[in-house]
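To keep things clear, I will list the structure first and then write my remarks on it.
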Amino acid sequence: MTDNSTEQSTDQKSIQELANYPDSYSENDETVFRAENINIYYGDFLAVRDVNMEIPARKVTAFIGPSGCGKSTLIRCLNRLNDLIEGFCLEGRMFYHDQNLYADEVDPVEVRRRIGMVFQQPNPFPKSIYNNVAYGIRVTGKKDADMDEVVERSLQRAALWDEVKDKLGANGLSLSGGQQQRLCIARAIATNPDVVLMDEPCSSLDPISTLKIEELIRDLSEEYTIVIVTHNMQQATRVSDITAFFNAQANEEGKRSGYLVEYGPTEHIFNSPQQEATQNYVSGQFG
Amino acid sequence: MSSSHQLSHKRSAKADTDSINQKQGSRQSIGETAWTVISGLCLVIALIPLFLVIIYVVIKGINRLDVAAFTELPPPPLADEGGGFANALIGTLVMVAIGALISVPFGVMAAIYLSEFSSKKIAKWIRFATNILSGVPSILIGVFIYGLLVLTNVTGYSAIAGGTALAVLMLPIIVRTTDESLQIVPRQVRWASVGLGASRYETVLRVVLPAALPAIATGLTLAVARAAGETAPLIFTALFAQFWTFNPADPFSSLFSPIASLSVLVYNFAAVPYKNQQELAWAASLILVAIVLLTSILSRWATRNRIY
């Protein structure tokens, strides 16, 4: 094994590694995302390079790594949210099941209906709690949905129902930070997506709210495929089945590009990583 | 050993509290006082014109602000008393309404494009152009509409021409304030909406616009207030009328005749030697000041519970 993880062999190598850990991952598991030679640019700037990986269904996959390693950029590729950023450009292929997400015929709006997202800052709409949860259904134009039932079920699933059932008309922004984030999770799962992406969902929350969200993530992983970006390594060990470690490397001009160092079962990444960079990062020795 | 340690600890604590006491006459404290006094004085001087204008206009205009002022037509030059500016008040309202009717839809939609759909490069240039337009002297806008609508006999001197001139005046204000109001809505909220499978226009209509509405309303009322007080764009376009030219029974065709306005009435009557007309000009000024005050208060009220 070479230390240079950017070699093309990363993909096969990692799959072999995964095959050795049948407890948490086996080759028979359904793959939801498959990244093939992904390079991501913002304008001329290469933000992430050479990513090859697979994300299995109904597991929690965590992206960890130092700031600027491109983990948030990569997660936003999974629902084509990066399309909103000017200058964004992706090379390579990102498969969602059998479909390349970046093929010409793909409608990004349809992609996002299947792949929900929760953000770093709780960002409820300035609307009532009820309308926040109902929003996704309303924009998809599903007329036959029993909205009251969807709202209740989603809020219950997000462990928020008991706290808000008597004030569904209250503004979503009137809730506490942790409640707001659970509202955002309820909003994301109301449309019954296939995948839920979470971009550092706990980074602006207190420890108790964080714990609640983490329990929720574990709970949701029975039904949903979850991809979570976190810079909290303990969180990755607590919630994730698979961990992908990203690092950043400066090029000749001093611009830092992120790349995937290695990925595998969380236990394996934290206890016996194959790469020195991973070892240094998870043991707290940076650089 | 332990007691001496405590003693030294106490002494150092005392020294600390001494050093944080205020020192009279130090260079820093004199500077602090001097700057506070100077900047405070400048604030007072800056506010003097505002209060003088309001007080003076109220004193001069309040006497003439009777029922007749709101119901009667402007008096002929030699009438010693009586008369009002009913037609001018209606004229101002009509032309501001025309101006708003044209500029609000265009301005708000343009701002939505600017803030939500255009590329950064294009947005930069459009914002620049809007700033230029808002800096164009209002008399030039009047002359422009004069050339465009009056000279060419498209409308002639008319309420339509006056309203169009006000629309051109209001447009950059509306575009800029709406654009700014939309920019304040956090990007994360847009992303949340798009992330749920909303298209960009659904995001704008369902989330961004409602969130920005109080701030947009402020911009609109300020634009209206600005237009209501403008004189220069109306002199060349709406002219003036001593009589009723706006006929509610036939509003459409009466929009194509010259029409009076409060600001032009002030402009006309302030410079004449007839006392009655002068007094009326003061009363009309008071109305204009009141409109500005009222709209400012209204916009404050509209944004009292702004979201972002």
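Labels for the structure tokens follow display order: chains A, B, ..., residues from 1 in each chain, ligands from 1.
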* **chain A contacts to chain B at 8 Å (only C-alpha atoms) as JSON, numbers by chain** => {"A": [79, 81, 86, 109, 110, 111, 112, 113, 115, 116, 117, 118, 119, 121, 123, 124, 125, 126, 135, 136, 139, 140, 188]}
* **Spatial neighbours of segment 258-269 of chain A, max dist 7 Å, only C-alpha atoms, sep filter under 4 positions, as a PyMOL selection string** => chain A and resi 5+14+17-18+24+47-51+68-70+237+240-249+273
For the residues selected in the previous step, produce a file with N, CA and C atoms as a PDB file, in the first residue's frame.
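Result written to part00.pdb:
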ATOM      1  N   SER A   5      -2.808   8.299  -1.629  1.00  0.00           N
ATOM      2  CA  SER A   5      -4.168   7.792  -1.772  1.00  0.00           C
ATOM      3  C   SER A   5      -4.838   8.323  -3.019  1.00  0.00           C
ATOM      4  N   SER A  14     -10.214   0.247  -1.485  1.00  0.00           N
ATOM      5  CA  SER A  14     -11.148   0.466  -0.395  1.00  0.00           C
ATOM      6  C   SER A  14     -12.237  -0.586  -0.370  1.00  0.00           C
ATOM      7  N   GLU A  17     -10.907  -3.491   1.247  1.00  0.00           N
ATOM      8  CA  GLU A  17     -10.882  -3.304   2.694  1.00  0.00           C
ATOM      9  C   GLU A  17     -12.263  -3.552   3.278  1.00  0.00           C
ATOM     10  N   LEU A  18     -13.257  -2.992   2.605  1.00  0.00           N
ATOM     11  CA  LEU A  18     -14.614  -3.124   3.108  1.00  0.00           C
ATOM     12  C   LEU A  18     -15.041  -4.581   3.143  1.00  0.00           C
ATOM     13  N   SER A  24     -20.265  -4.643   9.013  1.00  0.00           N
ATOM     14  CA  SER A  24     -20.891  -3.370   8.749  1.00  0.00           C
ATOM     15  C   SER A  24     -21.087  -3.104   7.262  1.00  0.00           C
ATOM     16  N   ALA A  47     -11.371  22.434  -6.220  1.00  0.00           N
ATOM     17  CA  ALA A  47     -11.713  22.323  -4.802  1.00  0.00           C
ATOM     18  C   ALA A  47     -11.522  20.898  -4.287  1.00  0.00           C
ATOM     19  N   VAL A  48     -11.940  19.932  -5.091  1.00  0.00           N
ATOM     20  CA  VAL A  48     -11.828  18.529  -4.698  1.00  0.00           C
ATOM     21  C   VAL A  48     -11.339  17.752  -5.910  1.00  0.00           C
ATOM     22  N   ARG A  49     -10.444  16.786  -5.687  1.00  0.00           N
ATOM     23  CA  ARG A  49      -9.950  16.050  -6.848  1.00  0.00           C
ATOM     24  C   ARG A  49      -9.981  14.537  -6.624  1.00  0.00           C
ATOM     25  N   ASP A  50     -10.137  13.837  -7.718  1.00  0.00           N
ATOM     26  CA  ASP A  50      -9.958  12.379  -7.757  1.00  0.00           C
ATOM     27  C   ASP A  50     -10.748  11.609  -6.722  1.00  0.00           C
ATOM     28  N   VAL A  51     -12.022  11.897  -6.578  1.00  0.00           N
ATOM     29  CA  VAL A  51     -12.780  11.135  -5.590  1.00  0.00           C
ATOM     30  C   VAL A  51     -13.414   9.916  -6.250  1.00  0.00           C
ATOM     31  N   GLY A  68     -11.682  22.925   4.654  1.00  0.00           N
ATOM     32  CA  GLY A  68     -11.138  23.149   3.322  1.00  0.00           C
ATOM     33  C   GLY A  68     -10.797  21.865   2.599  1.00  0.00           C
ATOM     34  N   CYS A  69     -11.214  20.710   3.155  1.00  0.00           N
ATOM     35  CA  CYS A  69     -10.885  19.457   2.490  1.00  0.00           C
ATOM     36  C   CYS A  69     -11.957  19.059   1.491  1.00  0.00           C
ATOM     37  N   GLY A  70     -13.000  19.863   1.380  1.00  0.00           N
ATOM     38  CA  GLY A  70     -13.981  19.616   0.325  1.00  0.00           C
ATOM     39  C   GLY A  70     -15.114  18.696   0.703  1.00  0.00           C
ATOM     40  N   THR A 237     -17.721   8.630  15.127  1.00  0.00           N
ATOM     41  CA  THR A 237     -17.673   7.285  15.722  1.00  0.00           C
ATOM     42  C   THR A 237     -19.016   6.913  16.324  1.00  0.00           C
ATOM     43  N   SER A 240     -21.822   6.923  12.753  1.00  0.00           N
ATOM     44  CA  SER A 240     -21.674   6.434  11.381  1.00  0.00           C
ATOM     45  C   SER A 240     -21.266   4.971  11.301  1.00  0.00           C
ATOM     46  N   ASP A 241     -21.650   4.332  10.209  1.00  0.00           N
ATOM     47  CA  ASP A 241     -21.227   2.974   9.904  1.00  0.00           C
ATOM     48  C   ASP A 241     -19.968   2.996   9.052  1.00  0.00           C
ATOM     49  N   ILE A 242     -19.967   3.959   8.110  1.00  0.00           N
ATOM     50  CA  ILE A 242     -18.844   4.089   7.187  1.00  0.00           C
ATOM     51  C   ILE A 242     -18.269   5.479   7.376  1.00  0.00           C
ATOM     52  N   THR A 243     -16.954   5.603   7.341  1.00  0.00           N
ATOM     53  CA  THR A 243     -16.347   6.920   7.438  1.00  0.00           C
ATOM     54  C   THR A 243     -15.403   7.125   6.260  1.00  0.00           C
ATOM     55  N   ALA A 244     -15.498   8.325   5.685  1.00  0.00           N
ATOM     56  CA  ALA A 244     -14.566   8.709   4.628  1.00  0.00           C
ATOM     57  C   ALA A 244     -13.731   9.862   5.149  1.00  0.00           C
ATOM     58  N   PHE A 245     -12.429   9.702   5.095  1.00  0.00           N
ATOM     59  CA  PHE A 245     -11.552  10.772   5.577  1.00  0.00           C
ATOM     60  C   PHE A 245     -10.985  11.551   4.397  1.00  0.00           C
ATOM     61  N   PHE A 246     -11.196  12.853   4.430  1.00  0.00           N
ATOM     62  CA  PHE A 246     -10.673  13.742   3.387  1.00  0.00           C
ATOM     63  C   PHE A 246      -9.561  14.586   3.968  1.00  0.00           C
ATOM     64  N   ASN A 247      -8.623  14.936   3.109  1.00  0.00           N
ATOM     65  CA  ASN A 247      -7.570  15.834   3.555  1.00  0.00           C
ATOM     66  C   ASN A 247      -7.379  16.902   2.480  1.00  0.00           C
ATOM     67  N   ALA A 248      -6.652  17.939   2.817  1.00  0.00           N
ATOM     68  CA  ALA A 248      -6.401  18.989   1.840  1.00  0.00           C
ATOM     69  C   ALA A 248      -4.911  19.095   1.602  1.00  0.00           C
ATOM     70  N   GLN A 249      -4.563  19.395   0.362  1.00  0.00           N
ATOM     71  CA  GLN A 249      -3.153  19.495   0.019  1.00  0.00           C
ATOM     72  C   GLN A 249      -2.967  20.736  -0.842  1.00  0.00           C
ATOM     73  N   PRO A 273      -6.428   2.615  10.751  1.00  0.00           N
ATOM     74  CA  PRO A 273      -6.414   3.228   9.416  1.00  0.00           C
ATOM     75  C   PRO A 273      -5.202   2.757   8.619  1.00  0.00           C
TER      76      PRO A 273
END
* Nearest residue to Val53 of chain B from the set B:Ala69, B:Leu288, B:Leu140, B:Ile235 (distances using only C-alpha atoms) ->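 Counting only C-alpha atoms, the residue closest to Val53 of chain B is B:Leu288.
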* Asked: By how many Å are atom CA of Gln120 of chain A and atom CA of Gln275 of chain A apart?
  ->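 Spanning atom CA of Gln120 of chain A to atom CA of Gln275 of chain A is a straight-line distance of 28.6 Å.
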* Asked: How would you write, as an NGL selection string, the set of residues in segment 197-284 of chain B that DSSP gives as helix (DSSP H, G or I)?
  -> :B and (200-228 or 232-235 or 251-254 or 262-270 or 275-284)
* With distances taken over only C-alpha atoms, which of A:Ser203, A:Ser209, A:Ser221, A:Ser272 is nearest to Val239 of chain A? ->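 Counting only C-alpha atoms, the residue closest to Val239 of chain A is A:Ser221.
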* Taking the backbone alone, and naming residues the way the document does, which bits of segment 71-132 of chain A are strand (DSSP E) by DSSP, as a list in words? ->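 Selecting the strand (DSSP E) positions of segment 71-132 of chain A gives Phe88, Cys89, Leu90, Glu91, Gly92, Arg93, Met94, Phe95, Tyr96, Gln99, Asn100, Ile115, Gly116, Met117 and Val118 of chain A.
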Dump of N, CA and C atoms for the selected residues, as a CSV table (one decimal), in the first residue's frame:
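Written output follows (part28.csv):
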chain,number,residue,atom,x,y,z
A,88,PHE,N,-19.4,26.8,-10.5
A,88,PHE,CA,-19.2,25.3,-10.1
A,88,PHE,C,-19.2,24.5,-11.4
A,89,CYS,N,-18.2,23.5,-11.3
A,89,CYS,CA,-18.1,22.6,-12.5
A,89,CYS,C,-17.6,21.3,-12.0
A,90,LEU,N,-18.2,20.2,-12.5
A,90,LEU,CA,-17.8,18.9,-12.0
A,90,LEU,C,-17.4,18.0,-13.2
A,91,GLU,N,-16.2,17.4,-12.9
A,91,GLU,CA,-15.7,16.4,-13.9
A,91,GLU,C,-15.9,15.0,-13.3
A,92,GLY,N,-16.0,14.0,-14.2
A,92,GLY,CA,-16.2,12.7,-13.7
A,92,GLY,C,-17.7,12.3,-13.6
A,93,ARG,N,-18.0,11.2,-13.0
A,93,ARG,CA,-19.4,10.8,-13.0
A,93,ARG,C,-19.8,10.5,-11.5
A,94,MET,N,-21.0,11.0,-11.2
A,94,MET,CA,-21.6,10.7,-9.9
A,94,MET,C,-22.9,9.9,-10.1
A,95,PHE,N,-22.8,8.6,-9.8
A,95,PHE,CA,-24.0,7.8,-10.0
A,95,PHE,C,-24.9,7.8,-8.8
A,96,TYR,N,-26.2,7.9,-9.1
A,96,TYR,CA,-27.2,7.7,-8.0
A,96,TYR,C,-27.9,6.5,-8.5
A,99,GLN,N,-28.0,5.9,-12.3
A,99,GLN,CA,-28.1,7.1,-13.2
A,99,GLN,C,-27.0,8.1,-12.8
A,100,ASN,N,-26.3,8.5,-13.8
A,100,ASN,CA,-25.3,9.6,-13.6
A,100,ASN,C,-26.1,10.9,-13.3
A,115,ILE,N,-33.6,13.4,-2.7
A,115,ILE,CA,-32.4,13.5,-1.8
A,115,ILE,C,-32.5,14.7,-0.9
A,116,GLY,N,-33.0,14.6,0.3
A,116,GLY,CA,-33.2,15.7,1.2
A,116,GLY,C,-31.9,16.2,1.8
A,117,MET,N,-32.0,17.4,2.4
A,117,MET,CA,-30.7,17.9,3.0
A,117,MET,C,-31.0,18.7,4.2
A,118,VAL,N,-30.1,18.6,5.2
A,118,VAL,CA,-30.2,19.4,6.4
A,118,VAL,C,-28.9,20.1,6.5
* Using only C-alpha atoms, which of the listed residues (A:Ala145, A:Ala57, A:Leu211, A:Ala170) sits closest to Val196 of chain A? ->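 Of A:Ala145, A:Ala57, A:Leu211, A:Ala170, the one nearest Val196 of chain A is A:Ala57, counting only C-alpha atoms.
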Could you pull the residues within 10 Å of segment 152-169 of chain A, counting only C-alpha atoms, minus those fewer than 3 positions along the same chain, as an mmCIF file with N, CA, C and O atoms, in the first residue's frame?
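Saved to around.cif:
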data_model
loop_
_atom_site.group_PDB
_atom_site.id
_atom_site.type_symbol
_atom_site.label_atom_id
_atom_site.label_comp_id
_atom_site.auth_asym_id
_atom_site.auth_seq_id
_atom_site.Cartn_x
_atom_site.Cartn_y
_atom_site.Cartn_z
ATOM 1 N N LYS A 127 -41.894 30.759 8.363
ATOM 2 C CA LYS A 127 -43.303 30.365 8.251
ATOM 3 C C LYS A 127 -43.660 29.576 9.499
ATOM 4 O O LYS A 127 -42.798 29.302 10.333
ATOM 5 N N SER A 128 -44.918 29.174 9.591
ATOM 6 C CA SER A 128 -45.332 28.385 10.748
ATOM 7 C C SER A 128 -44.646 27.027 10.719
ATOM 8 O O SER A 128 -44.162 26.574 9.674
ATOM 9 N N ILE A 129 -44.608 26.383 11.891
ATOM 10 C CA ILE A 129 -44.011 25.051 11.996
ATOM 11 C C ILE A 129 -44.691 24.103 11.001
ATOM 12 O O ILE A 129 -44.039 23.369 10.260
ATOM 13 N N TYR A 130 -46.013 24.182 10.983
ATOM 14 C CA TYR A 130 -46.803 23.330 10.077
ATOM 15 C C TYR A 130 -46.380 23.555 8.633
ATOM 16 O O TYR A 130 -46.085 22.605 7.898
ATOM 17 N N ASN A 131 -46.325 24.829 8.222
ATOM 18 C CA ASN A 131 -46.003 25.129 6.826
ATOM 19 C C ASN A 131 -44.555 24.798 6.472
ATOM 20 O O ASN A 131 -44.245 24.527 5.317
ATOM 21 N N ASN A 132 -43.676 24.835 7.469
ATOM 22 C CA ASN A 132 -42.306 24.408 7.222
ATOM 23 C C ASN A 132 -42.273 22.950 6.789
ATOM 24 O O ASN A 132 -41.637 22.600 5.808
ATOM 25 N N VAL A 133 -42.987 22.116 7.559
ATOM 26 C CA VAL A 133 -42.970 20.681 7.256
ATOM 27 C C VAL A 133 -43.722 20.399 5.952
ATOM 28 O O VAL A 133 -43.325 19.546 5.166
ATOM 29 N N ALA A 134 -44.797 21.163 5.731
ATOM 30 C CA ALA A 134 -45.635 20.903 4.558
ATOM 31 C C ALA A 134 -44.990 21.390 3.260
ATOM 32 O O ALA A 134 -45.410 20.998 2.173
ATOM 33 N N MET A 147 -52.176 16.188 4.435
ATOM 34 C CA MET A 147 -51.112 17.038 4.963
ATOM 35 C C MET A 147 -50.984 16.953 6.482
ATOM 36 O O MET A 147 -49.885 16.848 7.006
ATOM 37 N N ASP A 148 -52.136 16.968 7.186
ATOM 38 C CA ASP A 148 -52.080 16.901 8.649
ATOM 39 C C ASP A 148 -51.336 15.651 9.096
ATOM 40 O O ASP A 148 -50.519 15.689 10.016
ATOM 41 N N GLU A 149 -51.614 14.569 8.405
ATOM 42 C CA GLU A 149 -51.015 13.298 8.779
ATOM 43 C C GLU A 149 -49.512 13.318 8.491
ATOM 44 O O GLU A 149 -48.708 12.877 9.311
ATOM 45 N N GLY A 172 -41.604 29.032 12.808
ATOM 46 C CA GLY A 172 -40.498 28.100 12.975
ATOM 47 C C GLY A 172 -39.276 28.746 13.614
ATOM 48 O O GLY A 172 -38.509 28.094 14.312
ATOM 49 N N LEU A 175 -38.575 28.734 17.618
ATOM 50 C CA LEU A 175 -38.073 27.579 18.355
ATOM 51 C C LEU A 175 -36.611 27.773 18.737
ATOM 52 O O LEU A 175 -35.925 28.627 18.189
ATOM 53 N N GLY A 178 -31.840 23.818 18.735
ATOM 54 C CA GLY A 178 -31.949 22.368 18.584
ATOM 55 C C GLY A 178 -33.301 21.957 18.013
ATOM 56 O O GLY A 178 -33.388 21.073 17.162
ATOM 57 N N GLN A 179 -34.351 22.654 18.481
ATOM 58 C CA GLN A 179 -35.687 22.357 17.945
ATOM 59 C C GLN A 179 -35.775 22.733 16.474
ATOM 60 O O GLN A 179 -36.360 22.021 15.666
ATOM 61 N N GLN A 180 -35.161 23.879 16.139
ATOM 62 C CA GLN A 180 -35.168 24.318 14.739
ATOM 63 C C GLN A 180 -34.515 23.269 13.850
ATOM 64 O O GLN A 180 -34.997 22.968 12.762
ATOM 65 N N GLN A 181 -33.399 22.707 14.350
ATOM 66 C CA GLN A 181 -32.702 21.728 13.524
ATOM 67 C C GLN A 181 -33.547 20.463 13.364
ATOM 68 O O GLN A 181 -33.589 19.869 12.291
ATOM 69 N N ARG A 182 -34.254 20.063 14.430
ATOM 70 C CA ARG A 182 -35.121 18.902 14.295
ATOM 71 C C ARG A 182 -36.299 19.215 13.368
ATOM 72 O O ARG A 182 -36.769 18.338 12.642
ATOM 73 N N LEU A 183 -36.740 20.488 13.394
ATOM 74 C CA LEU A 183 -37.783 20.894 12.449
ATOM 75 C C LEU A 183 -37.263 20.763 11.013
ATOM 76 O O LEU A 183 -37.971 20.303 10.116
ATOM 77 N N CYS A 184 -36.000 21.151 10.816
ATOM 78 C CA CYS A 184 -35.411 21.041 9.474
ATOM 79 C C CYS A 184 -35.309 19.574 9.047
ATOM 80 O O CYS A 184 -35.464 19.252 7.869
ATOM 81 N N ILE A 185 -35.039 18.695 10.029
ATOM 82 C CA ILE A 185 -34.991 17.266 9.698
ATOM 83 C C ILE A 185 -36.394 16.768 9.349
ATOM 84 O O ILE A 185 -36.592 16.058 8.362
ATOM 85 N N ALA A 186 -37.388 17.192 10.146
ATOM 86 C CA ALA A 186 -38.775 16.810 9.852
ATOM 87 C C ALA A 186 -39.165 17.290 8.456
ATOM 88 O O ALA A 186 -39.797 16.563 7.690
ATOM 89 N N ARG A 187 -38.751 18.498 8.139
ATOM 90 C CA ARG A 187 -39.059 19.077 6.836
ATOM 91 C C ARG A 187 -38.418 18.242 5.726
ATOM 92 O O ARG A 187 -39.016 18.016 4.675
ATOM 93 N N ALA A 188 -37.187 17.789 5.977
ATOM 94 C CA ALA A 188 -36.467 17.032 4.944
ATOM 95 C C ALA A 188 -37.076 15.647 4.734
ATOM 96 O O ALA A 188 -37.097 15.146 3.618
ATOM 97 N N ILE A 189 -37.588 15.026 5.816
ATOM 98 C CA ILE A 189 -38.107 13.657 5.648
ATOM 99 C C ILE A 189 -39.595 13.642 5.317
ATOM 100 O O ILE A 189 -40.134 12.582 4.997
ATOM 101 N N ALA A 190 -40.245 14.806 5.351
ATOM 102 C CA ALA A 190 -41.688 14.854 5.079
ATOM 103 C C ALA A 190 -42.006 14.371 3.672
ATOM 104 O O ALA A 190 -43.043 13.767 3.433
ATOM 105 N N THR A 191 -41.111 14.626 2.742
ATOM 106 C CA THR A 191 -41.360 14.229 1.356
ATOM 107 C C THR A 191 -40.957 12.775 1.121
ATOM 108 O O THR A 191 -40.993 12.301 0.002
ATOM 109 N N ASN A 192 -40.563 12.105 2.191
ATOM 110 C CA ASN A 192 -40.165 10.705 2.129
ATOM 111 C C ASN A 192 -39.044 10.475 1.104
ATOM 112 O O ASN A 192 -39.202 9.720 0.152
ATOM 113 N N LYS A 212 -29.498 14.601 20.973
ATOM 114 C CA LYS A 212 -30.827 14.265 20.446
ATOM 115 C C LYS A 212 -30.775 14.040 18.942
ATOM 116 O O LYS A 212 -31.373 13.107 18.418
ATOM 117 N N ILE A 213 -30.054 14.925 18.256
ATOM 118 C CA ILE A 213 -29.959 14.800 16.805
ATOM 119 C C ILE A 213 -29.227 13.510 16.437
ATOM 120 O O ILE A 213 -29.609 12.802 15.508
ATOM 121 N N GLU A 215 -29.077 10.714 18.166
ATOM 122 C CA GLU A 215 -30.003 9.588 18.356
ATOM 123 C C GLU A 215 -30.937 9.473 17.164
ATOM 124 O O GLU A 215 -31.209 8.387 16.654
ATOM 125 N N LEU A 216 -31.397 10.626 16.743
ATOM 126 C CA LEU A 216 -32.325 10.680 15.620
ATOM 127 C C LEU A 216 -31.670 10.123 14.353
ATOM 128 O O LEU A 216 -32.287 9.366 13.600
ATOM 129 N N ILE A 217 -30.410 10.478 14.150
ATOM 130 C CA ILE A 217 -29.711 10.006 12.951
ATOM 131 C C ILE A 217 -29.612 8.478 12.975
ATOM 132 O O ILE A 217 -29.902 7.806 11.989
ATOM 133 N N ASP A 219 -31.545 6.487 14.473
ATOM 134 C CA ASP A 219 -32.901 5.990 14.308
ATOM 135 C C ASP A 219 -33.341 6.038 12.845
ATOM 136 O O ASP A 219 -33.920 5.092 12.308
ATOM 137 N N LEU A 220 -33.025 7.143 12.195
ATOM 138 C CA LEU A 220 -33.454 7.336 10.812
ATOM 139 C C LEU A 220 -32.715 6.402 9.853
ATOM 140 O O LEU A 220 -33.204 6.096 8.769
#
* Distance in Å - atom CA of Gly219 of chain B versus atom CA of Thr177 of chain B ->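 Atom CA of Thr177 of chain B lies at a distance of 5.2 Å from atom CA of Gly219 of chain B.
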* With a distance cut-off of 8 Å and only C-alpha atoms, select the neighbouring residues of Ile54 of chain B, excluding the residue or stretch itself and same-chain residues fewer than 4 positions from it, and output the selection as JSON, numbers by chain. => {"B": [50, 58, 289]}
Can you spit out the residues from that selection as a PDB file, in the first residue's frame, using C-alpha atoms?
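Resulting contents of selection_37.pdb:
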ATOM      1  CA  LEU B  50     -34.769  69.505   9.736  1.00  0.00           C
ATOM      2  CA  VAL B  58     -46.055  74.221  10.376  1.00  0.00           C
ATOM      3  CA  VAL B 289     -43.920  67.469   4.592  1.00  0.00           C
TER       4      VAL B 289
END
* For Ala277 of chain A, which residue among A:Val106, A:Gly65, A:Glu223, A:Glu30 is the nearest when counting only C-alpha atoms? ->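 Among A:Val106, A:Gly65, A:Glu223, A:Glu30, it is A:Gly65 that comes nearest to Ala277 of chain A.
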* Asked: Neighbours of Asn87 of chain B within 10 Å (only C-alpha atoms; same-chain residues fewer than 2 positions away dropped), as a PyMOL selection string?
  -> chain B and resi 69-74+84-85+89-93+240-246+259-262
* To do: Please indicate the distance in Å from atom CA of Ser115 of chain B to atom CA of Asn131 of chain B, rounded to one decimal place.
  =>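 These two atoms are separated by 15.3 Å.
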* To do: Compile the contact shell of segment 296-305 of chain B as a PyMOL selection string: residues with an atom at most 10 Å away, counting only C-alpha atoms, same-chain residues fewer than 4 positions apart removed.
  => chain B and resi 212-222+225+290-292
* Nearest to Thr231 of chain B: which of B:Tyr267, B:Phe51, B:Phe128, B:Tyr274 is it, counting only C-alpha atoms? ->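 Of B:Tyr267, B:Phe51, B:Phe128, B:Tyr274, the one nearest Thr231 of chain B is B:Tyr267, counting only C-alpha atoms.
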* Do you know which residues are at most 12 Å from Ile55 of chain B counting only C-alpha atoms, after dropping those on the same chain fewer than 5 positions away, and could you put them as a ChimeraX atom specification? -> /B:48-50,60-62,282,285-286,289-290
Take the residues just selected and output them with N, CA and C atoms as a PDB file, in the first residue's frame.
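Done, and the output landed in part.pdb:
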ATOM      1  N   ILE B  48     -30.527  70.735  12.962  1.00  0.00           N
ATOM      2  CA  ILE B  48     -31.185  72.059  12.986  1.00  0.00           C
ATOM      3  C   ILE B  48     -32.041  72.306  11.740  1.00  0.00           C
ATOM      4  N   PRO B  49     -31.497  72.111  10.512  1.00  0.00           N
ATOM      5  CA  PRO B  49     -32.326  72.392   9.332  1.00  0.00           C
ATOM      6  C   PRO B  49     -33.632  71.604   9.338  1.00  0.00           C
ATOM      7  N   LEU B  50     -33.561  70.329   9.720  1.00  0.00           N
ATOM      8  CA  LEU B  50     -34.769  69.505   9.736  1.00  0.00           C
ATOM      9  C   LEU B  50     -35.834  70.122  10.622  1.00  0.00           C
ATOM     10  N   LYS B  60     -46.199  78.518   9.356  1.00  0.00           N
ATOM     11  CA  LYS B  60     -46.687  79.290   8.211  1.00  0.00           C
ATOM     12  C   LYS B  60     -47.915  78.652   7.565  1.00  0.00           C
ATOM     13  N   GLY B  61     -47.976  77.325   7.635  1.00  0.00           N
ATOM     14  CA  GLY B  61     -49.009  76.647   6.851  1.00  0.00           C
ATOM     15  C   GLY B  61     -50.253  76.263   7.623  1.00  0.00           C
ATOM     16  N   ILE B  62     -50.151  76.177   8.941  1.00  0.00           N
ATOM     17  CA  ILE B  62     -51.243  75.595   9.717  1.00  0.00           C
ATOM     18  C   ILE B  62     -52.523  76.438   9.641  1.00  0.00           C
ATOM     19  N   TRP B 282     -47.750  77.761   1.406  1.00  0.00           N
ATOM     20  CA  TRP B 282     -47.262  77.237   2.693  1.00  0.00           C
ATOM     21  C   TRP B 282     -48.082  76.038   3.147  1.00  0.00           C
ATOM     22  N   SER B 285     -47.122  73.107   1.218  1.00  0.00           N
ATOM     23  CA  SER B 285     -45.826  72.600   1.671  1.00  0.00           C
ATOM     24  C   SER B 285     -45.999  71.725   2.903  1.00  0.00           C
ATOM     25  N   LEU B 286     -46.877  72.213   3.789  1.00  0.00           N
ATOM     26  CA  LEU B 286     -47.117  71.445   5.020  1.00  0.00           C
ATOM     27  C   LEU B 286     -47.666  70.053   4.679  1.00  0.00           C
ATOM     28  N   VAL B 289     -44.751  67.911   3.471  1.00  0.00           N
ATOM     29  CA  VAL B 289     -43.920  67.469   4.592  1.00  0.00           C
ATOM     30  C   VAL B 289     -44.642  66.364   5.364  1.00  0.00           C
ATOM     31  N   ALA B 290     -45.956  66.564   5.532  1.00  0.00           N
ATOM     32  CA  ALA B 290     -46.735  65.566   6.272  1.00  0.00           C
ATOM     33  C   ALA B 290     -46.724  64.225   5.551  1.00  0.00           C
TER      34      ALA B 290
END
